[in-house]
Each structure stands twice: as C-alpha cells, then as structure tokens.
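Novice: Structure: start_10.csv, CSV, C-alpha atoms.
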```csv
chain,number,residue,atom,x,y,z
A,467,MET,CA,6.0,-10.9,-25.8
A,468,ILE,CA,9.2,-8.9,-25.3
A,469,ALA,CA,10.8,-8.8,-21.9
A,470,THR,CA,10.5,-5.0,-21.4
A,471,GLU,CA,6.8,-4.9,-22.1
A,472,ILE,CA,4.8,-3.5,-19.1
A,473,PRO,CA,2.2,-6.0,-18.0
A,474,PRO,CA,-1.4,-4.7,-18.3
A,475,GLN,CA,-2.5,-2.8,-15.2
A,476,ILE,CA,-5.7,-4.3,-14.0
A,477,PHE,CA,-5.7,-3.5,-10.3
A,478,ASP,CA,-5.5,-0.2,-8.7
A,479,ARG,CA,-2.9,-0.9,-5.9
A,480,HIS,CA,-3.4,2.4,-4.2
A,481,MET,CA,-7.1,1.7,-3.9
A,482,LEU,CA,-6.3,-1.8,-2.6
A,483,ILE,CA,-4.1,-0.3,0.2
A,484,ARG,CA,-6.9,2.1,1.1
A,485,HIS,CA,-9.4,-0.8,1.3
A,486,ARG,CA,-7.0,-3.0,3.3
A,487,GLU,CA,-6.4,-0.2,5.7
A,488,ARG,CA,-10.0,0.5,6.2
A,489,ALA,CA,-10.7,-3.2,6.7
A,490,VAL,CA,-7.8,-4.1,9.0
A,491,LEU,CA,-7.6,-0.9,11.1
A,492,ASN,CA,-11.4,-1.1,11.7
A,493,ASN,CA,-10.5,-4.0,14.0
A,494,ASN,CA,-13.6,-5.9,13.0
A,495,ILE,CA,-12.5,-7.7,9.9
A,496,PRO,CA,-14.1,-11.0,9.0
A,497,ASP,CA,-10.9,-13.0,8.6
A,498,PHE,CA,-12.4,-16.5,8.7
A,499,MET,CA,-10.8,-17.2,5.3
A,500,LEU,CA,-7.4,-16.3,6.6
A,501,HIS,CA,-8.0,-18.7,9.5
A,502,TYR,CA,-8.9,-21.4,7.1
A,503,VAL,CA,-5.8,-20.8,5.1
A,504,ALA,CA,-3.6,-20.6,8.2
A,505,ASP,CA,-4.9,-24.0,9.4
A,506,ASP,CA,-4.4,-25.5,5.9
A,507,PHE,CA,-0.8,-24.0,5.7
A,508,LYS,CA,0.0,-25.4,9.1
A,509,GLU,CA,-1.1,-28.9,8.0
A,510,ARG,CA,1.0,-28.7,4.9
A,511,LEU,CA,4.1,-27.4,6.7
A,512,ASP,CA,3.8,-30.2,9.4
A,513,LEU,CA,4.4,-32.7,6.6
A,514,VAL,CA,7.7,-31.1,5.7
A,515,ARG,CA,10.5,-32.5,7.7
A,516,ARG,CA,12.9,-29.6,7.7
A,517,ARG,CA,13.6,-26.4,9.6
A,518,PHE,CA,13.0,-23.0,8.0
A,519,SER,CA,15.4,-20.6,9.5
A,520,THR,CA,14.3,-17.4,7.7
A,521,THR,CA,10.7,-17.0,6.9
A,522,LEU,CA,8.8,-14.1,5.4
A,523,CYS,CA,5.0,-13.8,5.7
A,524,LEU,CA,3.8,-11.5,2.8
A,525,SER,CA,0.9,-9.1,3.2
A,526,ALA,CA,0.0,-10.5,6.6
A,527,ALA,CA,-3.3,-8.6,7.1
A,528,THR,CA,-4.5,-9.4,10.6
A,529,GLY,CA,-1.4,-11.5,11.2
A,530,VAL,CA,-3.2,-14.8,11.6
A,531,VAL,CA,-0.8,-16.7,9.3
A,532,CYS,CA,2.2,-14.9,10.9
A,533,LYS,CA,1.0,-16.1,14.3
A,534,MET,CA,0.7,-19.7,13.1
A,535,LEU,CA,4.2,-19.6,11.7
A,536,ARG,CA,5.7,-18.1,14.9
A,537,GLU,CA,4.1,-20.8,17.0
A,538,ARG,CA,5.7,-23.6,15.0
A,539,PRO,CA,9.0,-24.7,16.4
A,540,SER,CA,10.6,-25.4,13.0
A,541,THR,CA,10.0,-21.9,11.5
A,542,ASN,CA,12.4,-19.4,12.9
A,543,VAL,CA,12.7,-15.6,12.4
A,544,VAL,CA,9.3,-14.9,10.9
A,545,ILE,CA,9.4,-11.5,9.2
A,546,SER,CA,6.0,-9.9,8.7
A,547,SER,CA,5.1,-7.5,5.8
A,548,GLU,CA,2.3,-5.4,4.7
A,549,LEU,CA,1.6,-2.8,1.9
A,550,SER,CA,1.6,0.3,4.1
A,551,LEU,CA,3.0,1.6,7.4
A,552,PRO,CA,-0.3,1.7,9.3
A,553,LEU,CA,-0.9,-1.9,8.4
A,554,THR,CA,2.6,-3.1,9.1
A,555,ARG,CA,2.6,-1.4,12.6
A,556,LEU,CA,0.0,-3.9,13.7
A,557,LEU,CA,2.2,-6.8,13.0
A,558,PRO,CA,4.9,-8.3,15.2
A,559,LYS,CA,8.4,-7.3,14.4
A,560,PRO,CA,10.7,-7.8,12.5
A,561,ALA,CA,8.4,-6.2,9.9
A,562,VAL,CA,8.8,-4.4,6.6
A,563,VAL,CA,6.6,-2.4,4.3
A,564,LEU,CA,6.8,-3.9,0.8
A,565,ASP,CA,4.9,-4.3,-2.4
A,566,GLU,CA,4.5,-7.7,-3.9
A,567,GLU,CA,4.9,-6.2,-7.4
A,568,SER,CA,8.5,-5.1,-6.7
A,569,LEU,CA,9.9,-7.1,-3.9
A,570,PRO,CA,12.9,-5.8,-1.9
A,571,LEU,CA,14.2,-9.3,-1.1
A,572,LYS,CA,17.8,-10.4,-1.3
A,573,ALA,CA,18.4,-13.2,-3.8
A,574,ALA,CA,18.6,-16.6,-2.1
A,575,GLY,CA,17.9,-15.0,1.3
A,576,PHE,CA,14.9,-16.9,2.5
A,577,ASP,CA,14.0,-20.5,3.4
A,578,LEU,CA,10.3,-20.0,3.4
A,579,LEU,CA,8.0,-17.5,1.7
A,580,VAL,CA,4.3,-17.5,2.6
A,581,SER,CA,1.5,-15.5,1.0
A,582,ALA,CA,-2.1,-15.9,2.0
A,583,LEU,CA,-4.9,-14.6,-0.2
A,584,THR,CA,-3.3,-11.4,-1.7
A,585,LEU,CA,-1.5,-12.4,-4.8
A,586,GLN,CA,-4.8,-12.4,-6.8
A,587,PHE,CA,-4.5,-8.6,-6.7
A,588,VAL,CA,-1.1,-8.2,-8.3
A,589,ASN,CA,-1.0,-7.0,-11.8
A,590,ASP,CA,2.0,-9.1,-12.8
A,591,LEU,CA,1.6,-12.5,-11.2
A,592,PRO,CA,4.3,-14.2,-13.4
A,593,GLY,CA,6.7,-11.4,-12.4
A,594,THR,CA,6.0,-11.7,-8.7
A,595,LEU,CA,6.4,-15.4,-8.8
A,596,ILE,CA,9.8,-15.0,-10.5
A,597,GLN,CA,10.9,-12.5,-7.8
A,598,LEU,CA,9.7,-14.8,-5.1
A,599,ARG,CA,11.6,-17.8,-6.6
A,600,GLN,CA,14.8,-15.7,-6.8
A,601,ALA,CA,14.5,-14.7,-3.1
A,602,LEU,CA,14.5,-18.4,-2.0
A,603,LYS,CA,17.6,-20.2,-0.9
A,604,PRO,CA,18.2,-23.5,-2.8
A,605,ASP,CA,15.6,-26.0,-1.4
A,606,GLY,CA,13.6,-23.1,-0.1
A,607,LEU,CA,9.8,-23.3,-0.2
A,608,PHE,CA,7.1,-21.0,-1.5
A,609,LEU,CA,3.6,-21.6,-0.1
A,610,GLY,CA,0.9,-19.4,-1.4
A,611,ALA,CA,-2.9,-19.3,-1.5
A,612,ILE,CA,-4.9,-17.2,-4.0
A,613,LEU,CA,-8.5,-16.9,-4.9
A,614,GLY,CA,-9.5,-18.9,-7.9
A,615,GLY,CA,-11.8,-18.4,-10.9
A,616,VAL,CA,-14.9,-20.0,-9.3
A,617,THR,CA,-14.8,-17.4,-6.5
A,618,LEU,CA,-18.0,-15.3,-6.3
A,619,ASN,CA,-19.4,-16.8,-9.5
A,620,GLU,CA,-22.9,-16.3,-8.2
A,621,LEU,CA,-22.4,-12.6,-7.6
A,622,ARG,CA,-20.6,-12.3,-10.9
A,623,GLN,CA,-23.6,-13.8,-12.7
A,624,ALA,CA,-26.2,-11.8,-10.8
A,625,THR,CA,-24.3,-8.5,-11.3
A,626,LEU,CA,-23.8,-9.2,-15.0
A,627,GLU,CA,-27.5,-9.9,-15.5
A,628,ALA,CA,-28.7,-6.9,-13.5
A,629,GLU,CA,-26.2,-4.5,-15.2
A,630,THR,CA,-27.2,-5.7,-18.7
A,631,GLU,CA,-30.8,-5.3,-17.8
A,632,LEU,CA,-30.6,-1.8,-16.3
A,633,TYR,CA,-27.7,-0.2,-18.2
A,634,GLY,CA,-27.6,-2.2,-21.4
A,635,GLY,CA,-24.0,-3.2,-20.9
A,636,VAL,CA,-21.5,-4.4,-18.3
A,637,SER,CA,-18.5,-2.9,-16.6
A,638,PRO,CA,-15.7,-4.7,-14.7
A,639,ARG,CA,-17.0,-5.2,-11.1
A,640,ILE,CA,-15.5,-8.5,-9.9
A,641,ALA,CA,-11.9,-9.2,-10.5
A,642,PRO,CA,-10.8,-11.9,-12.9
A,643,PHE,CA,-9.2,-14.7,-10.9
A,644,ALA,CA,-6.6,-17.2,-12.1
A,645,ASP,CA,-7.5,-20.9,-12.6
A,646,LEU,CA,-5.7,-23.9,-11.4
A,647,ARG,CA,-4.0,-24.7,-14.7
A,648,ASP,CA,-2.8,-21.1,-15.1
A,649,ILE,CA,-1.0,-21.0,-11.8
A,650,GLY,CA,0.5,-24.4,-12.3
A,651,SER,CA,2.2,-23.3,-15.5
A,652,LEU,CA,3.2,-20.0,-13.9
A,653,LEU,CA,5.0,-21.8,-11.2
A,654,GLN,CA,6.9,-23.8,-13.8
A,655,ARG,CA,7.6,-20.7,-15.8
A,656,ALA,CA,9.1,-19.1,-12.6
A,657,ASP,CA,11.5,-22.1,-12.4
A,658,PHE,CA,10.0,-23.7,-9.3
A,659,ALA,CA,10.9,-27.3,-8.8
A,660,LEU,CA,8.2,-29.9,-7.8
A,661,PRO,CA,5.4,-27.5,-8.2
A,662,VAL,CA,2.0,-28.6,-6.8
A,663,THR,CA,-1.3,-26.7,-7.1
A,664,ASP,CA,-4.6,-27.7,-5.8
A,665,SER,CA,-8.1,-26.2,-5.4
A,666,GLN,CA,-10.5,-26.1,-2.5
A,667,THR,CA,-14.0,-24.7,-2.7
A,668,ILE,CA,-15.6,-23.2,0.3
A,669,THR,CA,-19.3,-22.4,0.3
A,670,VAL,CA,-20.4,-19.7,2.7
A,671,THR,CA,-24.0,-18.8,3.3
A,672,TYR,CA,-25.3,-15.4,4.1
A,673,ALA,CA,-28.7,-14.0,5.2
A,674,SER,CA,-28.9,-12.0,2.0
A,675,PRO,CA,-26.8,-10.8,-1.0
A,676,LEU,CA,-26.5,-7.4,0.8
A,677,HIS,CA,-24.9,-9.1,3.8
A,678,LEU,CA,-22.4,-10.7,1.4
A,679,MET,CA,-21.6,-7.4,-0.2
A,680,ARG,CA,-21.2,-5.8,3.3
A,681,GLU,CA,-18.8,-8.5,4.3
A,682,LEU,CA,-16.7,-8.2,1.2
A,683,LYS,CA,-16.4,-4.6,1.9
A,684,ALA,CA,-15.4,-5.3,5.5
A,685,MET,CA,-12.8,-7.7,4.2
A,686,GLY,CA,-11.2,-5.0,2.2
A,687,ALA,CA,-12.2,-6.8,-0.9
A,688,SER,CA,-14.2,-4.1,-2.6
A,689,ASN,CA,-13.7,-3.5,-6.3
A,690,VAL,CA,-10.1,-2.3,-7.1
A,691,LEU,CA,-10.3,-2.8,-10.8
A,692,ILE,CA,-8.8,0.1,-12.7
A,693,ASP,CA,-11.6,0.1,-15.3
A,694,ARG,CA,-14.3,0.1,-12.7
A,695,ARG,CA,-17.2,2.5,-13.1
A,696,SER,CA,-16.5,5.8,-11.3
A,697,ILE,CA,-20.2,6.2,-10.4
A,698,PRO,CA,-21.2,4.3,-7.3
A,699,ALA,CA,-23.8,1.6,-7.7
A,700,THR,CA,-27.4,2.9,-7.2
A,701,ARG,CA,-29.8,1.5,-4.7
A,702,GLY,CA,-32.0,0.2,-7.6
A,703,PHE,CA,-29.0,-1.6,-9.1
A,704,LEU,CA,-28.0,-3.3,-5.9
A,705,MET,CA,-31.6,-4.3,-5.2
A,706,ARG,CA,-31.9,-5.9,-8.6
A,707,ILE,CA,-28.6,-7.8,-8.1
A,708,ALA,CA,-29.9,-9.0,-4.7
A,709,GLU,CA,-33.2,-10.1,-6.3
A,710,ILE,CA,-31.5,-12.1,-9.1
A,711,TYR,CA,-29.0,-13.6,-6.6
A,712,THR,CA,-31.7,-14.6,-4.2
A,713,ASN,CA,-33.8,-16.2,-6.9
A,714,ARG,CA,-31.0,-18.3,-8.3
A,715,PHE,CA,-28.7,-19.1,-5.4
A,716,SER,CA,-30.8,-19.6,-2.4
A,717,GLU,CA,-30.5,-22.6,0.0
A,718,LYS,CA,-33.6,-24.3,1.3
A,719,ASN,CA,-33.4,-22.4,4.6
A,720,GLY,CA,-33.7,-19.1,2.7
A,721,ARG,CA,-30.0,-18.1,3.1
A,722,ILE,CA,-28.0,-17.4,-0.1
A,723,ARG,CA,-24.7,-19.2,-0.9
A,724,ALA,CA,-21.4,-17.7,-2.1
A,725,THR,CA,-18.5,-19.8,-3.4
A,726,PHE,CA,-14.9,-19.1,-2.7
A,727,GLU,CA,-12.2,-21.1,-4.4
A,728,ILE,CA,-8.8,-21.2,-2.8
A,729,LEU,CA,-5.9,-22.2,-5.0
A,730,THR,CA,-2.9,-23.3,-3.1
A,731,MET,CA,0.5,-23.3,-4.7
A,732,THR,CA,3.7,-24.9,-3.4
A,733,GLY,CA,7.0,-24.8,-5.2
A,734,TRP,CA,10.6,-25.3,-4.2
A,735,ALA,CA,13.8,-23.6,-5.3
A,736,PRO,CA,15.7,-26.3,-7.2
A,737,HIS,CA,18.3,-28.2,-5.2
A,738,GLU,CA,20.4,-31.3,-5.9
A,739,SER,CA,18.7,-33.3,-3.1
A,740,GLN,CA,15.3,-33.2,-4.9
A,741,GLN,CA,14.1,-36.0,-7.0
A,742,VAL,CA,14.3,-35.5,-10.8
A,743,PRO,CA,13.1,-37.8,-13.6
A,744,LEU,CA,15.8,-39.8,-15.3
A,745,LYS,CA,16.5,-39.4,-19.0
A,746,PRO,CA,14.2,-41.5,-21.3
A,747,GLY,CA,16.1,-44.6,-22.3
A,748,SER,CA,18.5,-44.5,-19.4
A,749,ALA,CA,17.0,-47.5,-17.5
A,750,GLN,CA,19.4,-50.3,-16.5
A,751,SER,CA,16.7,-53.0,-16.3
A,752,ARG,CA,13.5,-53.8,-18.1
A,753,LEU,CA,10.1,-53.0,-16.5
A,754,ALA,CA,8.8,-56.3,-17.8
A,755,ASP,CA,11.5,-58.2,-15.8
A,756,ALA,CA,10.6,-56.3,-12.6
A,757,LEU,CA,6.9,-57.2,-13.1
A,758,GLY,CA,7.7,-60.8,-14.1
A,759,VAL,CA,5.8,-60.6,-17.4
A,760,VAL,CA,6.7,-61.1,-21.0
A,761,GLU,CA,7.1,-57.8,-22.9
A,762,LYS,CA,4.8,-57.3,-25.7
A,763,SER,CA,5.5,-55.1,-28.7
A,764,SER,CA,2.9,-52.5,-29.5
A,765,LEU,CA,2.5,-54.1,-32.9
A,766,GLU,CA,1.1,-57.4,-31.6
B,967,MET,CA,30.9,2.2,4.8
B,968,ALA,CA,27.8,2.3,6.9
B,969,SER,CA,26.7,-1.0,5.4
B,970,ASP,CA,29.3,-2.8,7.5
B,971,VAL,CA,27.4,-1.9,10.6
B,972,ILE,CA,24.4,-4.0,9.6
B,973,ARG,CA,26.1,-7.3,8.9
B,974,PRO,CA,24.9,-9.9,11.4
B,975,GLN,CA,27.8,-10.8,13.7
B,976,SER,CA,26.7,-14.2,14.7
B,977,LYS,CA,25.3,-17.2,12.8
B,978,SER,CA,22.4,-17.3,15.3
B,979,CYS,CA,19.0,-18.0,13.8
B,980,CYS,CA,17.5,-15.4,16.2
B,981,ALA,CA,17.1,-11.9,15.0
B,982,VAL,CA,19.2,-9.4,17.1
B,983,SER,CA,17.9,-6.0,17.8
B,984,ILE,CA,20.4,-3.3,18.5
B,985,GLU,CA,20.0,0.3,19.7
B,986,CYS,CA,21.3,2.6,17.1
B,987,VAL,CA,23.9,5.0,18.3
B,988,GLY,CA,22.3,8.4,19.2
B,989,GLN,CA,18.9,7.1,18.4
B,990,LYS,CA,16.3,5.2,20.4
B,991,LYS,CA,15.1,3.1,17.5
B,992,ALA,CA,15.7,-0.6,17.5
B,993,ILE,CA,16.9,-1.8,14.1
B,994,ASP,CA,16.9,-5.5,13.3
B,995,ARG,CA,20.3,-6.2,11.7
B,996,HIS,CA,19.3,-9.6,10.5
B,997,LEU,CA,16.3,-8.1,8.7
B,998,LEU,CA,18.3,-5.4,7.0
B,999,ASP,CA,20.7,-8.0,5.8
B,1000,LEU,CA,17.8,-9.7,3.9
B,1001,LEU,CA,16.6,-6.6,2.1
B,1002,VAL,CA,17.6,-5.0,-1.2
B,1003,CYS,CA,16.4,-2.1,-3.2
B,1004,PRO,CA,12.9,-2.9,-4.6
B,1005,ILE,CA,13.6,-1.2,-7.9
B,1006,THR,CA,17.2,-2.3,-8.8
B,1007,LYS,CA,17.6,-5.2,-6.4
B,1008,SER,CA,21.0,-3.8,-5.5
B,1009,SER,CA,22.3,-3.7,-1.9
B,1010,LEU,CA,21.2,-1.0,0.5
B,1011,GLU,CA,23.4,1.1,2.7
B,1012,TYR,CA,22.1,1.8,6.2
B,1013,ASN,CA,22.4,5.4,7.3
B,1014,ALA,CA,21.8,5.4,11.0
B,1015,ASP,CA,21.9,9.2,11.4
B,1016,ARG,CA,18.9,9.7,9.1
B,1017,SER,CA,17.4,6.3,9.7
B,1018,GLU,CA,17.3,5.5,6.0
B,1019,LEU,CA,18.3,2.8,3.6
B,1020,ILE,CA,20.1,4.2,0.6
B,1021,SER,CA,20.0,2.6,-2.8
B,1022,TRP,CA,22.8,4.3,-4.8
B,1023,HIS,CA,21.8,2.5,-8.0
B,1024,ALA,CA,18.3,3.9,-7.9
B,1025,GLN,CA,19.4,7.2,-6.3
B,1026,LEU,CA,16.7,6.7,-3.7
B,1027,ALA,CA,16.5,6.7,0.1
B,1028,PHE,CA,14.0,4.6,1.9
B,1029,PRO,CA,12.9,5.6,5.4
B,1030,ILE,CA,12.9,3.4,8.5
B,1031,VAL,CA,10.1,4.4,10.8
B,1032,ASP,CA,10.0,2.8,14.3
B,1033,GLY,CA,12.2,0.0,13.2
B,1034,ILE,CA,10.1,-0.7,10.1
B,1035,PRO,CA,11.8,-0.2,6.7
B,1036,LEU,CA,9.5,1.3,4.1
B,1037,LEU,CA,10.7,-0.3,0.9
B,1038,VAL,CA,8.1,1.1,-1.4
B,1039,ARG,CA,8.7,3.6,-4.1
B,1040,GLU,CA,6.0,6.0,-2.7
B,1041,ALA,CA,7.8,6.3,0.6
B,1042,SER,CA,11.2,7.0,-0.8
B,1043,ARG,CA,13.0,10.3,-1.5
B,1044,VAL,CA,15.2,11.1,-4.4
B,1045,LEU,CA,18.9,11.6,-3.4
B,1046,THR,CA,20.3,15.0,-3.8
B,1047,ASP,CA,23.8,16.4,-4.2
B,1048,ASN,CA,23.8,16.9,-0.4
B,1049,ASP,CA,23.7,13.1,0.2
B,1050,ILE,CA,26.9,12.4,-1.6
```
Would you kindly transcribe this structure into structure tokens?

Specialist:
Amino acid sequence: MIATEIPPQIFDRHMLIRHRERAVLNNNIPDFMLHYVADDFKERLDLVRRRFSTTLCLSAATGVVCKMLRERPSTNVVISSELSLPLTRLLPKPAVVLDEESLPLKAAGFDLLVSALTLQFVNDLPGTLIQLRQALKPDGLFLGAILGGVTLNELRQATLEAETELYGGVSPRIAPFADLRDIGSLLQRADFALPVTDSQTITVTYASPLHLMRELKAMGASNVLIDRRSIPATRGFLMRIAEIYTNRFSEKNGRIRATFEILTMTGWAPHESQQVPLKPGSAQSRLADALGVVEKSSLE
Amino acid sequence: MASDVIRPQSKSCCAVSIECVGQKKAIDRHLLDLLVCPITKSSLEYNADRSELISWHAQLAFPIVDGIPLLVREASRVLTDNDI
C-alpha cells in the first residue's frame, strides 16, 4: 500500500454526528457502557504512579469519562472534545470540537489521551492511532476502549438469516469491528511502546430484540455504514429478525441476550525510562548458573 | 503576531481563562497552545477580533464559538484576499 492511498470509507461520519446528537441531546441516553468503561479506566489509571498534567478526553459523549478524569487528583487540565458544537457545549470547559480522523493536536503536547467507545467508527484507525501517538509527550499514555468483533454477534446472525430469507441477499447492517489481535498490531505499527490490549465481554439481557434495537438507537449506535440500504427496514423484516433472535438467543427467564465486547488498548509514547529487551546474546551471566543447574545442549 | 498573545505566561498546570480585549468571550490560552491545524498540523494564529484560529498553510480560518474552538473542516471558512 502506498502512503498517499485514501483508506476505504466505511462509516458515514456525518450520519454518525447526527445519531450522536440525537442520542446525547435527548438527555435520556443509556450510557451504562460508558460508566463501565469509566470505572475500568479509573482502575487502570490508579495503577499508574505518575501525574498527567495535560489530558484530553476524546468524543466524551455524556461526559462520564471526563468527570472521572476530573475527579482524580493526578490528572490535571482535562480537555473535553466532541464531534460537533451542540455536543461539545454540554461538556465542561476547556473543550474543543474535533474529528478523530484528522486531529488538531500539537505534536508532543499531551500526557494522557483517553478515548471511550468511539474509535470503532473511524474509517482509518491506523491513521488515527498514529496521530494520537504523535500528540503524546514522551512517556505519555494513550488509553482507549473500542467495541470488538464479538459485539452484537447474535443480532448480526439473526439479521443475516432474516435478510437472506426475505430478500435473497444481505446488506451491511452491523458495523465490522476490530479484533484483539488487529488492534495489538495497530498499536505497534503506530509506534506505541509497551502496548497492551485486552478483551472483556459483557452480556446484557433485554425483554425482546426490539428493546435491544430501540436501545441501540437511543445510544446513537444506529447503522452508519456508507453502503447501508437506503430503504428503511420493514416491519415484517424486523419481526422476522426478532423471531430468529428470540428462538436462538433466549435466556431461561424469557429475556434475550446481547453480547458486547470491549477491547481496551494502552500504549505509551516511547521514553528512555521504559524497560526494553536486551539484545540477544548480550547476557553477562548464564541462566543455568542463576538456576544452579547444569546446562544441557539441545542435542542431548 | 497575534499568536504571541496566546502563549501561556506561567508554567502552572491550571488552565487560565482570559477575557479577550473588546470581547466578552473567555478563551483558554493553555488550550489554544495545544491545538494545531487539523489538516496541515501547522500552528494556528489567534485572531481575537474575529474570534478565529487561522491556519495560513491550509488557508482556512476556524471559528471559536463561546470559547470552544471548532477545529473541523466543515466549520472552517476559506481565507480570502481581505484576510491578508
């Protein structure tokens, strides 16, 4: 791939802004997942024994993560950001309107960059990670959570099956999500030091598949795929999805389950104080001596 | 140059808000110092009169509304001969 190639456009970012505005301004957004991520981020940051004097909270949505960062004594100057002015107005200042696809951040300007559950909707994740990495000061930390590939697999299966049945083909309805291995290598590619990724799966139950769909819409997570079908789903189609979903993914108590996978990434901007592996063959003493055993050659 | 105005004057960690001359809008100098043009990543010049951040490299001006800089392409305006 040549450097000037434009990455494929999968997500309609304007549509995404409209969905986010509708969800957040509505004042009734189900943000339990953001609370979950905020608690998780808090635990992770509590383990880091250093101060972060300049912090940016990207696409802060309802501001749950911003609030957590502000309440920590060791994170100072928390800047909030969102994708549009109406969304950013709701956040505490200092605040800025920015797009994660072309970040207006000064090189080596930040100690901590935090992103909760929005980077799954950028078209060029490698590009965004590189820009984030460049905005970090040496030994600065990036802490991000995105939705992973297992997310909504039940809905994906039910939709696929119903669509094949009724329309004889499928159209993109649920976004492709990255998997754990992908994001690990993307962090490395973006030159993050000590990259760590992990996956957590959350199972949420709903009264019915329609309740799940309603909640996804209320979260601002409706379909933003560029190649989505322009015709809205018919009632018959939704009912068939609900039927297949209920038949396959019900709990004993009659509720249906939906899986969300949260992938968490941490990566540091390289700094001389960080541990690095020694060159192979540079050891000064033998491992066998340290262990008090006799070294065996592999041929024996 | 107007960009001199936005340099933080102290090493303090706390963001300092100042009242812009002739305007009632509070601009966070520490914030402005951390921002660059989203398209060219070049430095921005603060124009207090128009409440804009100017990227000479991209030939774009980004508005600041109620102290919030809008650093997205859609919100910007293309510079004209009158701006120079």

Novice: Would you mind listing, as a VMD selection string, all residues of chain B that have at least one atom within 8 Å of chain A, where all atoms listed in the file are what counts?

Specialist: chain B and resid 979 to 981 994 997 1000 to 1005 1007 1033 to 1038

Novice: For the contact check between stretch 495-563 of chain A and stretch 660-678 of chain A, emit one row per residue of stretch 495-563 of chain A within 12 Å, containing the shortest atom pair and the distance in Å rounded to one decimal, counting only C-alpha atoms, chain then rising number order, as a tab-separated table.

Specialist:
```
residue	atom	partner	partner_atom	distance
A:Pro496	CA	A:Leu678	CA	11.3
A:Phe498	CA	A:Val670	CA	10.5
A:Met499	CA	A:Ile668	CA	9.2
A:Tyr502	CA	A:Ile668	CA	9.7
A:Val503	CA	A:Gln666	CA	10.4
A:Asp506	CA	A:Gln666	CA	10.4
A:Arg510	CA	A:Val662	CA	11.7
```

Novice: Measure the distance from atom CA of A:Phe587 to atom CA of A:Phe715 in Å and round it to one decimal.

Specialist: 26.4 Å

Novice: Kindly indicate which residue among A:Ala611, A:Leu524, A:Ala641, A:Val690 lies nearest to A:Asp478, using all atoms listed in the file for the distances.

Specialist: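 Result for the nearest residue to A:Asp478: A:Val690.
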
Novice: Using only C-alpha atoms, which of A:Gly634, A:Pro604, A:Pro642, A:Pro698 sits nearest A:Gln586?

Specialist: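 Smallest separation from A:Gln586 among the options: A:Pro642.
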
Novice: Please provide as an NGL selection string all residues within 12 Å of A:Ala489, with the sequence filter that same-chain residues fewer than 5 positions apart are discarded (counting all atoms listed in the file).

Specialist: :A and (482-484 or 494-497 or 527-528 or 552-553 or 680-688)

Novice: Hey, can you check how far atom CA of B:Glu1011 sits from atom CA of B:Glu1040?

Specialist: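 Separation between atom CA of B:Glu1011 and atom CA of B:Glu1040: 18.9 Å.
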
Novice: For a test of reading the model, state the distance in Å between atom CA of A:Arg695 and atom CA of A:Met481, rounded to one decimal.

Specialist: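 Straight-line distance from atom CA of A:Arg695 to atom CA of A:Met481 works out to 13.7 Å.
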